[in-house]
>>> print(open('structure26.cif').read())   # mmCIF, C-alpha atoms
data_input
#
loop_
_atom_site.label_atom_id
_atom_site.label_comp_id
_atom_site.auth_asym_id
_atom_site.auth_seq_id
_atom_site.Cartn_x
_atom_site.Cartn_y
_atom_site.Cartn_z
CA MET Y 91 40.34 -43.87 16.89
CA SER Y 92 41.93 -43.82 13.45
CA GLU Y 93 42.87 -40.59 11.66
CA GLU Y 94 40.29 -41.27 8.93
CA ASN Y 95 37.44 -41.58 11.45
CA THR Y 96 38.47 -38.35 13.20
CA THR Y 97 38.44 -36.49 9.85
CA ASN Y 98 34.97 -37.86 9.02
CA LEU Y 99 33.63 -36.81 12.43
CA LEU Y 100 35.05 -33.28 12.09
CA TYR Y 101 33.69 -33.03 8.54
CA GLY Y 102 30.20 -33.85 9.86
CA TYR Y 103 30.41 -31.13 12.51
CA VAL Y 104 31.67 -28.55 9.96
CA ILE Y 105 28.55 -29.06 7.81
CA TYR Y 106 26.29 -28.47 10.81
CA LEU Y 107 28.31 -25.44 11.81
CA ILE Y 108 28.11 -23.93 8.30
CA LEU Y 109 24.33 -24.50 8.15
CA LEU Y 110 23.89 -22.95 11.59
CA LEU Y 111 25.97 -19.90 10.65
CA MET Y 112 24.01 -19.44 7.40
CA PHE Y 113 20.74 -19.68 9.30
CA THR Y 114 21.87 -17.22 11.98
CA GLY Y 115 23.08 -14.79 9.30
CA MET Y 116 19.80 -14.94 7.40
CA MET Y 117 17.75 -14.44 10.55
CA PHE Y 118 19.95 -11.56 11.67
CA TYR Y 119 19.60 -9.87 8.26
CA PHE Y 120 15.82 -10.39 8.24
CA ILE Y 121 15.25 -9.08 11.77
CA ARG Y 122 17.57 -6.10 11.19
CA SER Y 123 15.67 -5.10 8.04
CA GLU Y 124 12.34 -5.43 9.86
CA MET Y 125 13.57 -3.57 12.93
CA ASN Y 126 14.45 -0.38 11.11
CA GLY Y 127 10.77 -0.18 10.21
CA ALA Y 128 11.27 -0.07 6.44
CA SER Y 129 8.01 -1.85 5.63
CA VAL Y 130 5.93 0.30 8.01
CA TRP Y 131 7.51 3.55 6.86
CA SER Y 132 7.29 2.77 3.15
CA ASP Y 133 3.63 1.88 3.67
CA TYR Y 134 3.09 5.16 5.53
CA TYR Y 135 4.83 7.29 2.92
CA ALA Y 136 3.07 5.64 -0.06
CA LYS Y 137 -0.35 6.20 1.49
CA GLU Y 138 0.30 9.73 2.72
CA ILE Y 139 1.65 10.78 -0.69
CA ALA Y 140 -1.38 9.19 -2.40
CA ARG Y 141 -3.60 11.16 -0.01
CA GLN Y 142 -1.86 14.42 -0.88
CA ILE Y 143 -2.25 13.68 -4.60
CA ASN Y 144 -5.93 12.83 -4.15
CA LEU Y 145 -6.52 16.14 -2.40
CA ALA Y 146 -4.49 18.19 -4.85
CA GLU Y 147 -5.83 20.42 -7.58
CA PRO Y 148 -4.19 20.45 -11.04
CA ASN Y 149 -1.01 22.58 -11.29
CA GLN Y 150 -0.42 22.35 -7.56
CA LYS Y 151 3.14 21.85 -6.34
CA ILE Y 152 3.54 19.47 -3.40
CA THR Y 153 6.47 19.35 -0.98
CA ILE Y 154 6.86 16.45 1.46
CA ASN Y 155 9.49 15.91 4.14
CA ILE Y 156 11.16 12.54 3.46
CA GLN Y 157 13.97 12.77 6.02
CA LYS Y 158 12.95 9.58 7.85
CA ALA Y 159 12.57 7.62 4.59
CA THR Y 160 16.03 8.65 3.37
CA GLU Y 161 17.58 7.69 6.73
CA ILE Y 162 16.05 4.23 6.49
CA ALA Y 163 17.04 3.91 2.81
CA LYS Y 164 20.63 4.85 3.71
CA ASN Y 165 20.67 2.20 6.48
CA ASN Y 166 19.51 -0.31 3.88
CA ARG Y 167 22.37 0.70 1.54
CA ILE Y 168 20.17 2.60 -0.94
CA THR Y 169 22.14 5.69 -1.84
CA ASP Y 170 20.23 6.93 -4.88
CA PHE Y 171 17.40 8.75 -3.09
CA ASN Y 172 15.82 9.71 -6.43
CA SER Y 173 14.86 6.08 -6.93
CA THR Y 174 13.24 5.71 -3.50
CA PHE Y 175 10.04 7.50 -4.59
CA TYR Y 176 8.69 6.98 -8.09
CA PHE Y 177 5.38 7.61 -9.83
CA ILE Y 178 3.84 5.48 -12.58
CA ASN Y 179 1.48 7.90 -14.30
CA ASP Y 180 -0.11 5.32 -16.61
CA GLU Y 181 -1.28 3.32 -13.61
CA ASN Y 182 -1.93 6.23 -11.19
CA LYS Y 183 0.53 4.64 -8.82
CA ILE Y 184 3.09 5.85 -6.28
CA CYS Y 185 5.81 3.42 -5.18
CA VAL Y 186 8.22 3.74 -2.28
CA LYS Y 187 11.37 1.66 -2.11
CA ILE Y 188 13.49 2.19 1.00
CA SER Y 189 14.59 -1.44 1.46
CA ASP Y 190 14.75 -4.57 -0.67
CA GLY Y 191 10.96 -4.62 -1.04
CA LYS Y 192 8.70 -1.83 -2.26
CA THR Y 193 5.23 -0.55 -1.40
CA CYS Y 194 2.87 0.87 -4.01
CA TYR Y 195 -0.48 2.59 -3.68
CA PHE Y 196 -2.97 3.89 -6.23
CA TYR Y 197 -4.43 7.41 -6.24
CA PHE Y 198 -7.90 8.00 -7.67
CA ASN Y 199 -7.42 11.64 -8.65
CA ASN Y 200 -7.07 11.56 -12.45
CA VAL Y 201 -3.78 13.46 -12.62
CA ASN Y 202 -0.18 13.03 -13.74
CA ILE Y 203 2.88 13.72 -11.65
CA GLU Y 204 5.65 15.77 -13.18
CA ASP Y 205 8.93 17.45 -12.23
CA LYS Y 206 9.66 15.06 -9.38
CA GLU Y 207 12.77 16.04 -7.47
CA VAL Y 208 14.46 15.02 -4.23
CA GLU Y 209 16.15 17.98 -2.56
CA LEU Y 210 18.71 17.18 0.10
CA GLY Y 211 19.46 19.23 3.22
CA VAL Y 212 16.99 22.14 3.01
CA PRO Y 213 17.48 21.76 6.05
CA GLU Y 214 15.99 18.25 5.84
CA ASN Y 215 15.46 16.08 2.77
CA ILE Y 216 12.30 16.85 0.82
CA LEU Y 217 10.39 15.46 -2.14
CA VAL Y 218 8.91 17.99 -4.55
CA PHE Y 219 6.55 17.25 -7.41
CA LYS Y 220 3.87 18.90 -9.48
CA VAL Y 221 0.34 17.61 -10.05
CA VAL Y 222 -0.98 18.22 -13.56
CA LYS Y 223 -4.24 17.32 -15.27
CA LYS Y 224 -4.25 14.18 -17.47
CA MET R 229 37.22 -53.52 2.67
CA MET R 230 35.83 -50.44 4.43
CA ASN R 231 33.13 -50.99 7.07
CA LYS R 232 30.21 -48.65 6.29
CA LYS R 233 27.90 -50.02 8.96
CA GLY R 234 26.09 -47.18 10.77
CA ASN R 235 27.35 -44.38 8.51
CA ALA R 236 23.90 -43.67 7.01
CA GLY R 237 22.40 -42.95 10.41
CA GLU R 238 24.88 -40.16 11.08
CA LYS R 239 24.15 -38.47 7.71
CA ILE R 240 20.40 -38.81 8.09
CA MET R 241 20.62 -36.69 11.27
CA ILE R 242 20.93 -33.63 9.04
CA ILE R 243 17.21 -33.93 8.18
CA PRO R 244 15.88 -33.37 11.74
CA PHE R 245 18.48 -30.63 12.14
CA MET R 246 17.13 -28.84 9.02
CA ILE R 247 13.55 -29.35 10.21
CA ILE R 248 14.40 -27.75 13.57
CA LEU R 249 16.03 -24.79 11.79
CA CYS R 250 12.95 -24.38 9.56
CA ILE R 251 10.60 -24.43 12.57
CA ILE R 252 12.72 -21.85 14.45
CA GLY R 253 13.04 -19.69 11.30
CA THR R 254 9.30 -19.78 10.59
CA GLY R 255 8.61 -18.82 14.21
CA ILE R 256 10.97 -15.85 14.01
CA VAL R 257 9.53 -14.66 10.66
CA ILE R 258 5.90 -14.96 11.83
CA GLY R 259 6.75 -13.23 15.12
CA SER R 260 8.54 -10.35 13.38
CA TRP R 261 5.75 -9.86 10.84
CA ALA R 262 3.13 -9.90 13.56
CA PHE R 263 5.07 -7.27 15.48
CA PHE R 264 6.52 -5.01 12.76
CA GLY R 265 4.64 -5.76 9.56
CA LYS R 266 1.04 -4.81 10.30
CA GLU R 267 -0.38 -2.62 7.59
CA TYR R 268 -1.27 0.98 8.23
CA ASP R 269 -5.00 0.75 7.49
CA PHE R 270 -5.86 3.66 5.29
CA ARG R 271 -9.18 2.49 3.90
CA SER R 272 -11.43 4.67 6.12
CA ALA R 273 -9.34 7.77 5.41
CA ASP R 274 -9.41 6.93 1.71
CA ALA R 275 -13.19 6.47 1.69
CA ASN R 276 -13.59 9.77 3.58
CA LEU R 277 -11.39 11.57 1.09
CA LEU R 278 -13.30 10.18 -1.88
CA ASN R 279 -16.56 11.21 -0.22
CA TYR R 280 -15.22 14.74 0.26
CA LYS R 281 -14.04 14.96 -3.37
CA ILE R 282 -17.42 13.78 -4.69
CA LYS R 283 -19.31 16.20 -2.43
CA ASN R 284 -17.15 19.11 -3.63
CA CYS R 285 -17.72 18.08 -7.22
CA LEU R 286 -21.48 17.56 -6.96
CA THR R 287 -22.06 20.88 -5.26
CA LYS R 288 -20.15 22.90 -7.88
CA ASN R 289 -22.00 23.36 -11.18
CA PHE R 290 -22.83 19.68 -11.55
CA ASP R 291 -25.52 18.95 -14.10
CA PHE R 292 -28.01 16.60 -12.40
CA SER R 293 -30.31 16.69 -15.41
CA ILE R 294 -27.95 14.53 -17.45
CA GLU R 295 -29.39 11.25 -18.74
CA LYS R 296 -28.78 8.16 -16.63
CA THR R 297 -26.96 6.37 -19.47
CA ASN R 298 -24.42 9.18 -19.77
CA PHE R 299 -24.17 9.86 -16.06
CA GLU R 300 -21.17 7.62 -15.34
CA LYS R 301 -18.99 9.12 -18.07
CA TYR R 302 -19.97 12.66 -17.15
CA PHE R 303 -19.46 12.02 -13.43
CA PHE R 304 -15.90 10.65 -13.78
CA GLN R 305 -14.93 13.43 -16.18
CA LYS R 306 -16.45 16.26 -14.17
CA CYS R 307 -15.09 15.02 -10.83
CA ASN R 308 -11.69 14.20 -12.35
CA LEU R 309 -11.66 10.66 -10.96
CA ASN R 310 -9.79 7.77 -12.55
CA GLU R 311 -12.45 5.29 -13.61
CA THR R 312 -10.18 2.22 -13.64
CA ILE R 313 -8.82 2.79 -10.14
CA ILE R 314 -12.26 3.61 -8.74
CA LYS R 315 -13.80 0.50 -10.26
CA ASP R 316 -10.97 -1.73 -9.05
CA TYR R 317 -10.62 -0.53 -5.47
CA TYR R 318 -13.53 1.70 -4.48
CA LEU R 319 -17.29 1.72 -4.09
CA ILE R 320 -19.48 4.69 -4.85
CA GLY R 321 -23.17 5.22 -4.22
CA ILE R 322 -24.92 8.55 -4.90
CA TYR R 323 -28.56 8.99 -3.95
CA LEU R 324 -30.82 12.00 -4.42
CA ASP R 325 -33.68 11.82 -1.91
CA SER R 326 -34.74 8.21 -2.39
CA ALA R 327 -33.63 7.91 -6.02
CA VAL R 328 -30.43 6.09 -6.94
CA LEU R 329 -28.30 8.38 -9.08
CA TYR R 330 -25.27 6.11 -9.23
CA ASP R 331 -24.36 2.91 -7.44
CA TYR R 332 -21.18 1.17 -8.45
CA ASP R 333 -20.52 -2.39 -7.25
CA ALA R 334 -23.70 -2.38 -5.15
CA ALA R 335 -22.19 -0.08 -2.54
CA HIS R 336 -25.44 -0.12 -0.56
CA ASN R 337 -25.29 -3.92 -0.31
CA LEU R 338 -21.61 -4.33 0.56
CA CYS R 339 -21.12 -1.49 3.03
CA PRO R 340 -23.42 -2.78 5.80
CA PHE R 341 -21.10 -5.80 6.19
CA SER R 342 -17.90 -3.80 6.53
CA GLU R 343 -18.18 -3.48 10.31
CA LYS R 344 -18.66 -7.20 10.77
CA ASN R 345 -15.89 -8.39 8.46
CA PRO R 346 -12.51 -6.60 8.47
CA THR R 347 -11.70 -7.79 4.95
CA TYR R 348 -14.72 -5.98 3.51
CA PRO R 349 -14.31 -2.43 2.17
CA LYS R 350 -14.39 0.34 4.76
CA CYS R 351 -17.27 2.69 4.03
CA VAL R 352 -18.27 6.26 4.81
CA GLU R 353 -21.75 7.67 4.34
CA LYS R 354 -22.59 11.37 4.41
CA GLU R 355 -25.74 13.38 3.83
CA PHE R 356 -26.05 16.93 2.61
CA LYS R 357 -28.83 19.28 1.65
CA ILE R 358 -28.36 20.84 -1.77
CA LYS R 359 -30.46 23.02 -4.03
CA ILE R 360 -31.33 21.80 -7.51
CA GLU R 361 -33.44 24.23 -9.55
CA ASP R 362 -34.44 26.09 -6.36
CA LYS R 363 -35.67 22.88 -4.77
CA GLU R 364 -33.94 21.55 -1.68
CA VAL R 365 -33.07 17.88 -1.92
CA LYS R 366 -31.18 15.43 0.26
CA LEU R 367 -27.93 14.19 -1.27
CA ARG R 368 -26.49 11.00 0.19
CA ILE R 369 -22.97 9.92 -0.77
CA LEU R 370 -21.72 6.46 0.12
CA THR R 371 -18.08 5.63 -0.55
CA GLY R 372 -15.94 2.64 0.32
CA SER R 373 -12.33 1.61 -0.12
CA SER R 374 -10.86 -1.86 -0.35
CA GLN R 375 -7.39 -0.80 -1.35
CA ILE R 376 -4.49 -2.34 0.55
CA ARG R 377 -0.78 -1.93 -0.12
CA ARG R 378 0.85 -3.95 -2.89
#
>>> encode(input="structure26.cif", output="structure tokens")
Amino acid sequence: MSEENTTNLLYGYVIYLILLLMFTGMMFYFIRSEMNGASVWSDYYAKEIARQINLAEPNQKITINIQKATEIAKNNRITDFNSTFYFINDENKICVKISDGKTCYFYFNNVNIEDKEVELGVPENILVFKVVKK
Amino acid sequence: MMNKKGNAGEKIMIIPFMIILCIIGTGIVIGSWAFFGKEYDFRSADANLLNYKIKNCLTKNFDFSIEKTNFEKYFFQKCNLNETIIKDYYLIGIYLDSAVLYDYDAAHNLCPFSEKNPTYPKCVEKEFKIKIEDKEVKLRILTGSSQIRR
């Protein structure tokens, strides 16, 4: 076998190997992000927070334990915990982002959310916000 | 001159290889979503909560004598409900004895199908006895939610 043929053969195998490694990497990343339950937990938090807002009376202060959400966010390399929970008052919407994707849910109580704060280590991480009339 | 006979066949083999990877990848993604990605169905709880809010509102100084044309505006204002969100994702039916006080999106027509079809809104129906001008009447509140995560 000539040297040129051997090089061509190796080159062919290298392409397959690179494609296989890329595929394995993508699958590993996908399964890892699904396995830490980010989508289930963000869904859970968005809906539970919407429920609390729907039940709340104006001027009520709400405190929610978000320890689990911050742990998942940290595993997914999100370090700014303030951005993991955000409210869009114009649309009556709460969004939770603890991985690459986000989950949003609407609340029907006609209120605005103000003074949102994430407090760390009290003794666990908590989200505090105030419900005010629109 | 270089002999290229048979070279194309070797390069074409990348196509079945990619197809196999796609099939395996799709299988893994579908399997993972089926296992981990099922939505936490909140529609019944949401409909229950809306029912509770409306009941609380209607039993506290609610003016039932208001004209039918102004009822909707008064109802959303008095009960502090967001009209846009309610109209997009919820159903509301309010009935006093046999009279229809308010029925948005034909709640009474849609709700009976919710048990047969999981994609239909989940509904909750509750009845109460209330006093209006010293007369006891039956108040029926029907609420439904079709909101899913986005």
>>> residues_around(input="structure26.cif", residues="Leu319 of chain R", least_positions_apart="4", cutoff="10 Å", atoms="only C-alpha atoms", output="count of residues only")
20
>>> resolve_selection(input="structure26.cif", expression="the PyMOL selection byres ((chain Y and resi 159-172) around 7)", output="list of chain:residue names")
Y:Asn126, Y:Ala128, Y:Trp131, Y:Ile156, Y:Gln157, Y:Lys158, Y:Ser173, Y:Thr174, Y:Phe175, Y:Ile188, Y:Ser189, Y:Val208
>>> resolve_selection(input="structure26.cif", expression="the PyMOL selection byres ((chain Y) within 6 of (chain R))", output="ChimeraX atom specification")
/Y:193-195,198-200
>>> atom_distance(input="structure26.cif", atom1="atom CA of Glu124 of chain Y", atom2="atom CA of Ile251 of chain R")
19.3 Å
>>> residues_around(input="structure26.cif", residues="Asn289 of chain R", least_positions_apart="2", cutoff="12 Å", atoms="all atoms listed in the file", output="ChimeraX atom specification")
/R:283-287,291-293,303,306-307,358-361
>>> atom_distance(input="structure26.cif", atom1="atom CA of Lys187 of chain Y", atom2="atom CA of Glu209 of chain Y")
17.0 Å
>>> residues_near_point(input="structure26.cif", point="(2.2, 11.4, -10.4)", cutoff="6 Å", atoms="all atoms listed in the file", output="PyMOL selection string")
chain Y and resi 177+179+202-203
>>> atom_distance(input="structure26.cif", atom1="atom CA of Lys220 of chain Y", atom2="atom CA of Pro148 of chain Y")
8.4 Å
>>> closest_residue(input="structure26.cif", among="R:Asn279, R:Ser272, R:Thr297, R:Asn337", to="Phe356 of chain R", atoms="all atoms listed in the file")
R:Asn279
>>> residues_near_point(input="structure26.cif", point="(-33.4, 8.6, -2.0)", cutoff="8 Å", atoms="all atoms listed in the file", output="PyMOL selection string")
chain R and resi 323-328+366-368
>>> closest_residue(input="structure26.cif", among="Y:Cys185, Y:Leu109, Y:Met116, Y:Val201", to="Ala136 of chain Y", atoms="only C-alpha atoms")
Y:Cys185
>>> closest_residue(input="structure26.cif", among="Y:Asn182, Y:Thr96, Y:Thr153, Y:Ser132", to="Lys206 of chain Y", atoms="all atoms listed in the file")
Y:Thr153
>>> build_atoms(input="structure26.cif", residues="segment 305-318 of chain R", atoms="N, CA, C and O atoms", output="PDB file, keeping the file's coordinate frame")
ATOM      1  N   GLN R 305     -15.623  12.326 -15.497  1.00  0.00           N
ATOM      2  CA  GLN R 305     -14.930  13.430 -16.180  1.00  0.00           C
ATOM      3  C   GLN R 305     -15.015  14.709 -15.350  1.00  0.00           C
ATOM      4  O   GLN R 305     -14.017  15.380 -15.119  1.00  0.00           O
ATOM      5  N   LYS R 306     -16.210  15.008 -14.911  1.00  0.00           N
ATOM      6  CA  LYS R 306     -16.450  16.260 -14.170  1.00  0.00           C
ATOM      7  C   LYS R 306     -15.710  16.250 -12.823  1.00  0.00           C
ATOM      8  O   LYS R 306     -15.147  17.260 -12.414  1.00  0.00           O
ATOM      9  N   CYS R 307     -15.723  15.100 -12.159  1.00  0.00           N
ATOM     10  CA  CYS R 307     -15.090  15.020 -10.830  1.00  0.00           C
ATOM     11  C   CYS R 307     -13.606  14.693 -10.912  1.00  0.00           C
ATOM     12  O   CYS R 307     -12.941  14.584  -9.877  1.00  0.00           O
ATOM     13  N   ASN R 308     -13.105  14.512 -12.119  1.00  0.00           N
ATOM     14  CA  ASN R 308     -11.690  14.200 -12.350  1.00  0.00           C
ATOM     15  C   ASN R 308     -11.214  12.970 -11.552  1.00  0.00           C
ATOM     16  O   ASN R 308     -10.196  12.999 -10.857  1.00  0.00           O
ATOM     17  N   LEU R 309     -12.002  11.905 -11.655  1.00  0.00           N
ATOM     18  CA  LEU R 309     -11.660  10.660 -10.960  1.00  0.00           C
ATOM     19  C   LEU R 309     -11.229   9.618 -11.995  1.00  0.00           C
ATOM     20  O   LEU R 309     -11.800   9.565 -13.087  1.00  0.00           O
ATOM     21  N   ASN R 310     -10.263   8.805 -11.636  1.00  0.00           N
ATOM     22  CA  ASN R 310      -9.790   7.770 -12.550  1.00  0.00           C
ATOM     23  C   ASN R 310     -10.739   6.569 -12.479  1.00  0.00           C
ATOM     24  O   ASN R 310     -10.828   5.894 -11.449  1.00  0.00           O
ATOM     25  N   GLU R 311     -11.409   6.320 -13.590  1.00  0.00           N
ATOM     26  CA  GLU R 311     -12.450   5.290 -13.610  1.00  0.00           C
ATOM     27  C   GLU R 311     -11.913   3.891 -13.294  1.00  0.00           C
ATOM     28  O   GLU R 311     -12.521   3.138 -12.537  1.00  0.00           O
ATOM     29  N   THR R 312     -10.745   3.565 -13.853  1.00  0.00           N
ATOM     30  CA  THR R 312     -10.180   2.220 -13.640  1.00  0.00           C
ATOM     31  C   THR R 312      -9.869   1.982 -12.164  1.00  0.00           C
ATOM     32  O   THR R 312     -10.227   0.930 -11.606  1.00  0.00           O
ATOM     33  N   ILE R 313      -9.194   2.954 -11.559  1.00  0.00           N
ATOM     34  CA  ILE R 313      -8.820   2.790 -10.140  1.00  0.00           C
ATOM     35  C   ILE R 313     -10.072   2.718  -9.275  1.00  0.00           C
ATOM     36  O   ILE R 313     -10.180   1.861  -8.387  1.00  0.00           O
ATOM     37  N   ILE R 314     -11.028   3.601  -9.545  1.00  0.00           N
ATOM     38  CA  ILE R 314     -12.260   3.610  -8.740  1.00  0.00           C
ATOM     39  C   ILE R 314     -12.977   2.264  -8.859  1.00  0.00           C
ATOM     40  O   ILE R 314     -13.394   1.685  -7.852  1.00  0.00           O
ATOM     41  N   LYS R 315     -13.064   1.763 -10.078  1.00  0.00           N
ATOM     42  CA  LYS R 315     -13.800   0.500 -10.260  1.00  0.00           C
ATOM     43  C   LYS R 315     -13.061  -0.705  -9.683  1.00  0.00           C
ATOM     44  O   LYS R 315     -13.679  -1.692  -9.319  1.00  0.00           O
ATOM     45  N   ASP R 316     -11.743  -0.608  -9.604  1.00  0.00           N
ATOM     46  CA  ASP R 316     -10.970  -1.730  -9.050  1.00  0.00           C
ATOM     47  C   ASP R 316     -10.955  -1.739  -7.518  1.00  0.00           C
ATOM     48  O   ASP R 316     -10.958  -2.800  -6.906  1.00  0.00           O
ATOM     49  N   TYR R 317     -10.874  -0.562  -6.912  1.00  0.00           N
ATOM     50  CA  TYR R 317     -10.620  -0.530  -5.470  1.00  0.00           C
ATOM     51  C   TYR R 317     -11.624   0.236  -4.619  1.00  0.00           C
ATOM     52  O   TYR R 317     -11.471   0.312  -3.403  1.00  0.00           O
ATOM     53  N   TYR R 318     -12.611   0.854  -5.260  1.00  0.00           N
ATOM     54  CA  TYR R 318     -13.530   1.700  -4.480  1.00  0.00           C
ATOM     55  C   TYR R 318     -14.988   1.377  -4.789  1.00  0.00           C
ATOM     56  O   TYR R 318     -15.295   0.757  -5.803  1.00  0.00           O
TER      57      TYR R 318
END
